[in-house]
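Trainee: After the structure tokens below, expect a handful of questions from me.
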Amino acid sequence: MRFSFWTLLHFSVNMYKPHFNFLPGTTQLRLQASSEAAAAAQQAREGGSREKLGIGTPQKVEAAARGRVRALGGDPTDRRCVLSQMEVQFGLYRGKTFWWLLTHDPRYTVGVLASHEAEREGGDSSSSPLMLHKDALLEYARLFEEVTSALADKRSRDTESEGERLVGFGEYSSLTYKELYKSSDPQTSSYRRWVRDAPVKNPGTLSAVPPQHILLQ
């Protein structure tokens, strides 16, 4: 296992922390892929799907990360350092470390994790290697306030977008979800309460997570 001088120097100084870029004059994360990320993504697209390789078990991925931490002169008992050196097991950046992913494409990372958070909050308790791997990536991302804030913003924007969608079924199919929520009509309010209290048939699926505008009273 060989690392460049600059990689070793960066890790010894900054340890587990990614290098973030911010919007001018703010502490808001710049959600933009670096040129290195763009090149890596293009190479992955040209090389075809890598999902056939399968997802490494959590134990195997973590053991390999500890080895990288040792090689970089870090503390393999520090969970933060180990998380930073775990390799992505899916998508365009498969094989890159979590540290690399947050450094070079925070926008992609935030998008993946916003969806993952919604799935977990929607009741998906799967312990598949992929879901556990994304749990680990989320654990790493939550170490940094900048990423946590970007995740919250992304989730909020997604919820607002859901509110503008048409209900698309039943008596109120022509209303948007936001209009359905805001309506003071007694019959509409009764229907809204019925939807909110209806049992979830398929936990963990997108259909199991109604837009927030319906859930609120």
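By convention in this document, the chains of the structure tokens carry letters A, B, ... by their order, each chain's residues are numbered from 1, and ligands are numbered from 1 in the order they are shown.
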Name all residues at most 12 Å from Lys60 of chain A (count only C-alpha atoms; drop same-chain ones fewer than 5 positions away) and give them as a list in words.
Mentor: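 Close residues of Lys60 of chain A: Ile55, Ala65, Arg66, Gly67, Met86, Glu87, Gln89, Pro129 and His133 of chain A.
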Trainee: What does the file look like for those residues with N, CA and C atoms, as an mmCIF file, in the first residue's frame?
Mentor:
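Written out: part-v5.cif:
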```cif
data_model
loop_
_atom_site.group_PDB
_atom_site.id
_atom_site.type_symbol
_atom_site.label_atom_id
_atom_site.label_comp_id
_atom_site.auth_asym_id
_atom_site.auth_seq_id
_atom_site.Cartn_x
_atom_site.Cartn_y
_atom_site.Cartn_z
ATOM 1 N N ILE A 55 -20.870 -5.664 -3.153
ATOM 2 C CA ILE A 55 -20.625 -4.761 -2.035
ATOM 3 C C ILE A 55 -19.813 -5.493 -0.975
ATOM 4 N N ALA A 65 -9.874 -0.186 5.785
ATOM 5 C CA ALA A 65 -9.724 1.224 6.161
ATOM 6 C C ALA A 65 -8.709 1.378 7.294
ATOM 7 N N ARG A 66 -8.750 0.479 8.253
ATOM 8 C CA ARG A 66 -7.775 0.537 9.350
ATOM 9 C C ARG A 66 -6.349 0.400 8.813
ATOM 10 N N GLY A 67 -6.190 -0.483 7.828
ATOM 11 C CA GLY A 67 -4.878 -0.649 7.217
ATOM 12 C C GLY A 67 -4.395 0.629 6.559
ATOM 13 N N MET A 86 -12.624 4.597 4.677
ATOM 14 C CA MET A 86 -13.454 3.544 4.088
ATOM 15 C C MET A 86 -13.657 3.834 2.608
ATOM 16 N N GLU A 87 -13.686 2.787 1.799
ATOM 17 C CA GLU A 87 -13.857 2.959 0.360
ATOM 18 C C GLU A 87 -15.328 2.874 -0.029
ATOM 19 N N GLN A 89 -18.514 1.883 -1.921
ATOM 20 C CA GLN A 89 -18.826 0.569 -2.486
ATOM 21 C C GLN A 89 -19.894 0.610 -3.579
ATOM 22 N N PRO A 129 -25.551 -5.115 3.139
ATOM 23 C CA PRO A 129 -24.235 -4.460 3.111
ATOM 24 C C PRO A 129 -24.288 -3.040 2.555
ATOM 25 N N HIS A 133 -23.379 0.241 4.619
ATOM 26 C CA HIS A 133 -22.285 1.051 4.088
ATOM 27 C C HIS A 133 -22.697 2.521 4.023
#
```
Trainee: Would you mind listing what lies within 7 Å of Phe98 of chain A as a PyMOL selection string, with only C-alpha atoms counted and same-chain residues fewer than 6 positions away left out?
Mentor: chain A and resi 83-88+137
Trainee: What are the DSSP alpha helix (DSSP H) residues of segment 25-134 of chain A, as a PyMOL selection string?
Mentor: chain A and resi 35-47+58-71+79-84+98-104+106-121+129-134
Trainee: Just write the chosen residues, C-alpha atoms, as an mmCIF file, in the first residue's frame.
Mentor:
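Result file again-v8.cif:
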```cif
data_model
loop_
_atom_site.group_PDB
_atom_site.id
_atom_site.type_symbol
_atom_site.label_atom_id
_atom_site.label_comp_id
_atom_site.auth_asym_id
_atom_site.auth_seq_id
_atom_site.Cartn_x
_atom_site.Cartn_y
_atom_site.Cartn_z
ATOM 1 C CA SER A 35 -12.176 18.664 -11.708
ATOM 2 C CA GLU A 36 -10.694 15.494 -10.230
ATOM 3 C CA ALA A 37 -14.174 14.199 -9.411
ATOM 4 C CA ALA A 38 -15.436 15.049 -12.899
ATOM 5 C CA ALA A 39 -12.544 13.118 -14.418
ATOM 6 C CA ALA A 40 -13.146 10.134 -12.127
ATOM 7 C CA ALA A 41 -16.861 10.106 -12.971
ATOM 8 C CA GLN A 42 -16.155 10.255 -16.699
ATOM 9 C CA GLN A 43 -13.680 7.410 -16.418
ATOM 10 C CA ALA A 44 -16.236 5.331 -14.505
ATOM 11 C CA ARG A 45 -18.904 5.970 -17.150
ATOM 12 C CA GLU A 46 -16.574 4.978 -19.953
ATOM 13 C CA GLY A 47 -15.540 1.863 -18.077
ATOM 14 C CA PRO A 58 -18.829 -3.963 6.667
ATOM 15 C CA GLN A 59 -16.118 -5.974 8.418
ATOM 16 C CA LYS A 60 -13.969 -6.234 5.297
ATOM 17 C CA VAL A 61 -14.385 -2.566 4.368
ATOM 18 C CA GLU A 62 -13.542 -1.434 7.899
ATOM 19 C CA ALA A 63 -10.500 -3.704 8.174
ATOM 20 C CA ALA A 64 -9.110 -2.329 4.913
ATOM 21 C CA ALA A 65 -9.724 1.224 6.161
ATOM 22 C CA ARG A 66 -7.775 0.537 9.350
ATOM 23 C CA GLY A 67 -4.878 -0.649 7.217
ATOM 24 C CA ARG A 68 -4.916 2.603 5.256
ATOM 25 C CA VAL A 69 -5.028 4.652 8.458
ATOM 26 C CA ARG A 70 -1.951 2.821 9.766
ATOM 27 C CA ALA A 71 -0.129 3.348 6.466
ATOM 28 C CA ARG A 79 -13.356 5.796 14.559
ATOM 29 C CA ARG A 80 -13.274 9.119 12.708
ATOM 30 C CA CYS A 81 -10.021 8.261 10.947
ATOM 31 C CA VAL A 82 -11.274 4.786 10.054
ATOM 32 C CA LEU A 83 -14.488 6.196 8.584
ATOM 33 C CA SER A 84 -12.516 8.699 6.516
ATOM 34 C CA PHE A 98 -15.146 8.730 2.153
ATOM 35 C CA TRP A 99 -12.608 11.510 2.744
ATOM 36 C CA TRP A 100 -12.055 11.840 -1.003
ATOM 37 C CA LEU A 101 -15.793 11.818 -1.695
ATOM 38 C CA LEU A 102 -16.606 14.661 0.713
ATOM 39 C CA THR A 103 -13.585 16.634 -0.450
ATOM 40 C CA HIS A 104 -14.195 16.305 -4.178
ATOM 41 C CA PRO A 106 -20.016 17.094 -1.657
ATOM 42 C CA ARG A 107 -23.042 17.655 -3.897
ATOM 43 C CA TYR A 108 -23.171 13.989 -4.891
ATOM 44 C CA THR A 109 -22.593 12.944 -1.288
ATOM 45 C CA VAL A 110 -25.382 15.150 0.049
ATOM 46 C CA GLY A 111 -27.783 13.852 -2.601
ATOM 47 C CA VAL A 112 -27.041 10.216 -1.780
ATOM 48 C CA LEU A 113 -27.306 10.765 1.962
ATOM 49 C CA ALA A 114 -30.505 12.831 1.797
ATOM 50 C CA SER A 115 -32.205 9.903 0.047
ATOM 51 C CA HIS A 116 -30.683 7.436 2.500
ATOM 52 C CA GLU A 117 -31.871 9.437 5.508
ATOM 53 C CA ALA A 118 -35.389 9.547 4.079
ATOM 54 C CA GLU A 119 -35.381 5.781 3.572
ATOM 55 C CA ARG A 120 -34.227 5.116 7.128
ATOM 56 C CA GLU A 121 -36.717 7.581 8.585
ATOM 57 C CA PRO A 129 -24.235 -4.460 3.111
ATOM 58 C CA LEU A 130 -25.185 -1.483 0.922
ATOM 59 C CA MET A 131 -27.491 0.085 3.515
ATOM 60 C CA LEU A 132 -24.959 -0.458 6.306
ATOM 61 C CA HIS A 133 -22.285 1.051 4.088
ATOM 62 C CA LYS A 134 -24.409 4.152 3.542
#
```
Trainee: Select, from A:Gly123, A:Pro76, A:Tyr181, A:Leu151, the residue with the minimum atom-to-atom distance to Leu138 of chain A, counting only C-alpha atoms.
Mentor: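 Closest residue, counting only C-alpha atoms: A:Leu151.
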Trainee: Hey, which of A:Lys154, A:Lys96, A:Arg193, A:Lys182 ends up closest to Leu31 of chain A? Count only C-alpha atoms.
Mentor: A:Lys154
Trainee: Which value, in Å to one decimal, gives the distance between atom CA of Asp75 of chain A and atom CA of Lys17 of chain A?
Mentor: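 One can read the atom CA of Asp75 of chain A to atom CA of Lys17 of chain A distance as 13.8 Å.
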